[in-house]
Amino acid sequence: MKHLTESQLNEYLDQMLDYETQQRVETHLASCESCRLEITELQALFISLNELPEIPIAHDLTLGVLAQISKVAKIPLLWKQPIFLAQSIFTFILLLFSMPILSSFWLQIEKWSGEITFPTIQTPSLAQMVSQFMSLLAWEPETFFFIPELSFSVPTLPTLPISPNSNLMLLLALSAGIMWGIGNYSLLRSKPEVRE
Amino acid sequence: MNIAKDRSLTKLAAQGDQNAFGELVQLHQSAVFNVAYRMLGNRQDAEDITQEAFLRAYKAFNKFDTDRPLRPWVKKIVTNLCLNRIKAHRPTLSLENGLPPPKERKPGPEAQSTKREEDRQIRAAILSLTPRYRAVIELRHFQDLSYEEIAKTLSKPLSTVKSDLFRARKMLAEKLQEIKR
Ligand SMILES: [Zn+2]
């Protein structure tokens, strides 16, 4: 007669065997003293482990854990905050409206030669912009309400006291980059690596 | 333990609610501590590593399905932390009040009888196992994980987990026989 394997004995106790194998193991155990002895030994171990009591913890760790957690810099999910969302939309609209101004500045910058002056810029009126926007939606705003004609212009800006050249621009860009890096570093420094 | 309360606290904590997390620590610290104590055999180390396990859990909340119970997850985390610690620097296998090796013991009837003494010896027997065997005993017998779950927790093949578990049980059973003799 072939004795039960170690794995059969263990899996029988763990109830991991299929019904048929389980039946065969039980039949064998009923007739084999030596395998019965082995399984009794294992069962005794199971009982001992099962009866091992938990010991009470001596100190409450709650405060310690919370103190450490507050050291973990939390980067809030900005997109979920309404204020941030509103701010973003507002910025986007402002950017949209300043496009004409920015573009004419850009033309100036492109033609940069030593000293520059900024001319008065005529921007499209707000009403023009809105009605353009509305016409995109196939909507005639005038028939519903009156939009006052708002016209604004950029005042003549003073001549820059320094004469920018490519070296200076490079220096400025570099400092901006460094500042940006320092800012990010200080923001992210205390964010620890998350594993598991 | 109230499962619904546990779940709602877990969800709050996952959103960054520190008070909710504090309550969770209070609820589960004892269970997590006991895992560490069985694995390390030293109260101070066990408390330290329990604290670390909760910290890890907090930081890894984005990887945790908050519909599942928190306790088994933190217990798995602490088991792995203990394994790492044991591997990093083998600790002294002392249970606070010192540990006479089982072989030297000539148990008189008075010492033999106490359940406390028996518990201490079982703990000592578990601690005498090498980390890999200790871990499978812990995960199977105290955390009730299936073979597959143990394999996943320890990142080991199923066949290795089984043979480790069966060997660990054999060794422990022999030690227990020695104690009882
Ligand atoms: Zn047999």
# chains A, B, ... in the order shown; residues from 1 in each chain; ligands from 1
>>> interface_residues(of="chain B", to="chain A", cutoff="8 Å", atoms="only C-alpha atoms", output="VMD selection string")
chain B and resid 18 22 to 23 25 to 26 29 to 31 33 to 34 47 51 to 52 54 to 56 58 to 60 77 119 122 141 to 142 162 to 163 166 169 to 170 172 to 173 176
>>> write_last_selection(atoms="C-alpha atoms", output="tab-separated table (two decimals), in the first residue's frame")
chain	number	residue	atom	x	y	z
B	18	GLN	CA	-6.52	62.16	8.56
B	22	GLY	CA	-6.53	57.86	12.87
B	23	GLU	CA	-9.68	55.93	13.74
B	25	VAL	CA	-5.22	52.95	13.09
B	26	GLN	CA	-6.91	52.70	16.46
B	29	GLN	CA	-3.26	48.54	15.29
B	30	SER	CA	-3.52	45.63	17.69
B	31	ALA	CA	-4.06	43.05	14.93
B	33	PHE	CA	1.05	44.68	15.86
B	34	ASN	CA	0.46	41.01	16.60
B	47	GLU	CA	5.44	48.67	17.43
B	51	GLN	CA	3.60	52.34	12.72
B	52	GLU	CA	5.58	52.14	9.51
B	54	PHE	CA	0.22	52.21	8.57
B	55	LEU	CA	2.30	54.98	7.09
B	56	ARG	CA	2.98	52.88	3.99
B	58	TYR	CA	-1.60	55.74	3.89
B	59	LYS	CA	0.85	56.61	1.14
B	60	ALA	CA	-0.27	53.73	-1.04
B	77	ILE	CA	2.15	45.07	4.24
B	119	ASP	CA	2.42	29.93	24.23
B	122	ILE	CA	5.24	28.18	20.37
B	141	HIS	CA	-2.23	30.09	9.90
B	142	PHE	CA	-2.68	33.59	11.27
B	162	LYS	CA	3.49	24.95	-0.99
B	163	SER	CA	6.81	23.22	-0.39
B	166	PHE	CA	4.79	21.93	4.22
B	169	ARG	CA	4.89	22.76	9.32
B	170	LYS	CA	7.03	19.66	9.57
B	172	LEU	CA	7.30	23.23	13.72
B	173	ALA	CA	5.53	19.97	14.45
B	176	LEU	CA	6.31	20.99	19.35
>>> residues_near_ligand(ligand="ligand 1", cutoff="10 Å", atoms="only C-alpha atoms and all ligand atoms", output="ChimeraX atom specification")
/A:1-5,25,28-38
>>> select_by_dssp(residues="segment 3-138 of chain B", states="helix (DSSP H, G or I)", output="number ranges by chain")
B: 3-14, 18-40, 43-59, 61-63, 70-88, 102-104, 109-113, 115-128, 131-138
>>> atom_distance(atom1="atom CA of Arg123 of chain B", atom2="atom CA of Arg38 of chain B")
6.6 Å
>>> atom_distance(atom1="atom CA of Val32 of chain B", atom2="atom CA of Thr50 of chain B")
6.2 Å
>>> atom_distance(atom1="atom CA of Ser8 of chain B", atom2="atom CA of Thr153 of chain B")
25.4 Å
>>> closest_residue(among="B:Leu139, B:Glu148, B:Ile179, B:Phe61", to="Gln15 of chain B", atoms="only C-alpha atoms")
B:Phe61
>>> residues_around(residues="Tyr133 of chain B", least_positions_apart="2", cutoff="8 Å", atoms="only C-alpha atoms", output="PDB file with all heavy atoms, in the first residue's frame")
ATOM      1  N   LEU B 129      12.299  29.539  13.126  1.00  0.00           N
ATOM      2  CA  LEU B 129      12.279  29.243  11.691  1.00  0.00           C
ATOM      3  C   LEU B 129      12.996  30.347  10.927  1.00  0.00           C
ATOM      4  O   LEU B 129      13.005  31.499  11.358  1.00  0.00           O
ATOM      5  CB  LEU B 129      10.838  29.154  11.183  1.00  0.00           C
ATOM      6  CG  LEU B 129       9.920  28.076  11.765  1.00  0.00           C
ATOM      7  CD1 LEU B 129       8.511  28.264  11.229  1.00  0.00           C
ATOM      8  CD2 LEU B 129      10.444  26.692  11.408  1.00  0.00           C
ATOM      9  N   THR B 130      13.553  29.996   9.776  1.00  0.00           N
ATOM     10  CA  THR B 130      14.139  31.046   8.946  1.00  0.00           C
ATOM     11  C   THR B 130      12.991  31.890   8.370  1.00  0.00           C
ATOM     12  O   THR B 130      11.854  31.419   8.294  1.00  0.00           O
ATOM     13  CB  THR B 130      14.971  30.451   7.798  1.00  0.00           C
ATOM     14  OG1 THR B 130      14.138  29.550   7.072  1.00  0.00           O
ATOM     15  CG2 THR B 130      16.192  29.723   8.319  1.00  0.00           C
ATOM     16  N   PRO B 131      13.309  33.125   7.979  1.00  0.00           N
ATOM     17  CA  PRO B 131      12.251  34.059   7.571  1.00  0.00           C
ATOM     18  C   PRO B 131      11.263  33.491   6.546  1.00  0.00           C
ATOM     19  O   PRO B 131      10.065  33.701   6.683  1.00  0.00           O
ATOM     20  CB  PRO B 131      13.032  35.221   6.969  1.00  0.00           C
ATOM     21  CG  PRO B 131      14.361  35.169   7.598  1.00  0.00           C
ATOM     22  CD  PRO B 131      14.629  33.749   7.961  1.00  0.00           C
ATOM     23  N   ALA B 135       7.331  33.245   7.384  1.00  0.00           N
ATOM     24  CA  ALA B 135       6.348  34.039   6.641  1.00  0.00           C
ATOM     25  C   ALA B 135       5.164  33.191   6.163  1.00  0.00           C
ATOM     26  O   ALA B 135       4.011  33.604   6.275  1.00  0.00           O
ATOM     27  CB  ALA B 135       7.015  34.725   5.454  1.00  0.00           C
ATOM     28  N   VAL B 136       5.436  31.991   5.647  1.00  0.00           N
ATOM     29  CA  VAL B 136       4.317  31.173   5.157  1.00  0.00           C
ATOM     30  C   VAL B 136       3.424  30.695   6.308  1.00  0.00           C
ATOM     31  O   VAL B 136       2.198  30.631   6.159  1.00  0.00           O
ATOM     32  CB  VAL B 136       4.783  29.964   4.307  1.00  0.00           C
ATOM     33  CG1 VAL B 136       5.223  30.424   2.933  1.00  0.00           C
ATOM     34  CG2 VAL B 136       5.863  29.162   4.993  1.00  0.00           C
ATOM     35  N   ILE B 137       4.045  30.389   7.459  1.00  0.00           N
ATOM     36  CA  ILE B 137       3.233  30.013   8.633  1.00  0.00           C
ATOM     37  C   ILE B 137       2.335  31.176   9.040  1.00  0.00           C
ATOM     38  O   ILE B 137       1.138  31.019   9.272  1.00  0.00           O
ATOM     39  CB  ILE B 137       4.152  29.597   9.821  1.00  0.00           C
ATOM     40  CG1 ILE B 137       4.845  28.262   9.527  1.00  0.00           C
ATOM     41  CG2 ILE B 137       3.355  29.499  11.118  1.00  0.00           C
ATOM     42  CD1 ILE B 137       3.922  27.054   9.502  1.00  0.00           C
ATOM     43  N   ASP B 164       7.444  25.263   0.822  1.00  0.00           N
ATOM     44  CA  ASP B 164       7.891  25.995   2.019  1.00  0.00           C
ATOM     45  C   ASP B 164       6.932  25.765   3.185  1.00  0.00           C
ATOM     46  O   ASP B 164       7.356  25.527   4.319  1.00  0.00           O
ATOM     47  CB  ASP B 164       7.970  27.507   1.733  1.00  0.00           C
ATOM     48  CG  ASP B 164       9.248  27.889   1.010  1.00  0.00           C
ATOM     49  OD1 ASP B 164      10.035  26.974   0.702  1.00  0.00           O
ATOM     50  OD2 ASP B 164       9.455  29.093   0.756  1.00  0.00           O
ATOM     51  N   LEU B 165       5.646  25.848   2.873  1.00  0.00           N
ATOM     52  CA  LEU B 165       4.644  25.709   3.937  1.00  0.00           C
ATOM     53  C   LEU B 165       4.704  24.316   4.555  1.00  0.00           C
ATOM     54  O   LEU B 165       4.693  24.160   5.776  1.00  0.00           O
ATOM     55  CB  LEU B 165       3.248  25.997   3.378  1.00  0.00           C
ATOM     56  CG  LEU B 165       2.087  25.854   4.362  1.00  0.00           C
ATOM     57  CD1 LEU B 165       2.205  26.848   5.513  1.00  0.00           C
ATOM     58  CD2 LEU B 165       0.741  26.041   3.656  1.00  0.00           C
ATOM     59  N   ARG B 167       7.168  22.174   4.559  1.00  0.00           N
ATOM     60  CA  ARG B 167       8.416  21.997   5.306  1.00  0.00           C
ATOM     61  C   ARG B 167       8.347  22.730   6.645  1.00  0.00           C
ATOM     62  O   ARG B 167       8.753  22.205   7.678  1.00  0.00           O
ATOM     63  CB  ARG B 167       9.602  22.566   4.509  1.00  0.00           C
ATOM     64  CG  ARG B 167      10.153  21.618   3.483  1.00  0.00           C
ATOM     65  CD  ARG B 167      11.656  21.732   3.403  1.00  0.00           C
ATOM     66  NE  ARG B 167      12.312  21.271   4.642  1.00  0.00           N
ATOM     67  CZ  ARG B 167      13.598  21.406   4.888  1.00  0.00           C
ATOM     68  NH1 ARG B 167      14.379  21.994   4.012  1.00  0.00           N
ATOM     69  NH2 ARG B 167      14.123  20.956   6.002  1.00  0.00           N
ATOM     70  N   ALA B 168       7.837  23.963   6.599  1.00  0.00           N
ATOM     71  CA  ALA B 168       7.745  24.764   7.824  1.00  0.00           C
ATOM     72  C   ALA B 168       6.884  24.050   8.859  1.00  0.00           C
ATOM     73  O   ALA B 168       7.230  23.993  10.045  1.00  0.00           O
ATOM     74  CB  ALA B 168       7.150  26.130   7.501  1.00  0.00           C
TER      75      ALA B 168
END
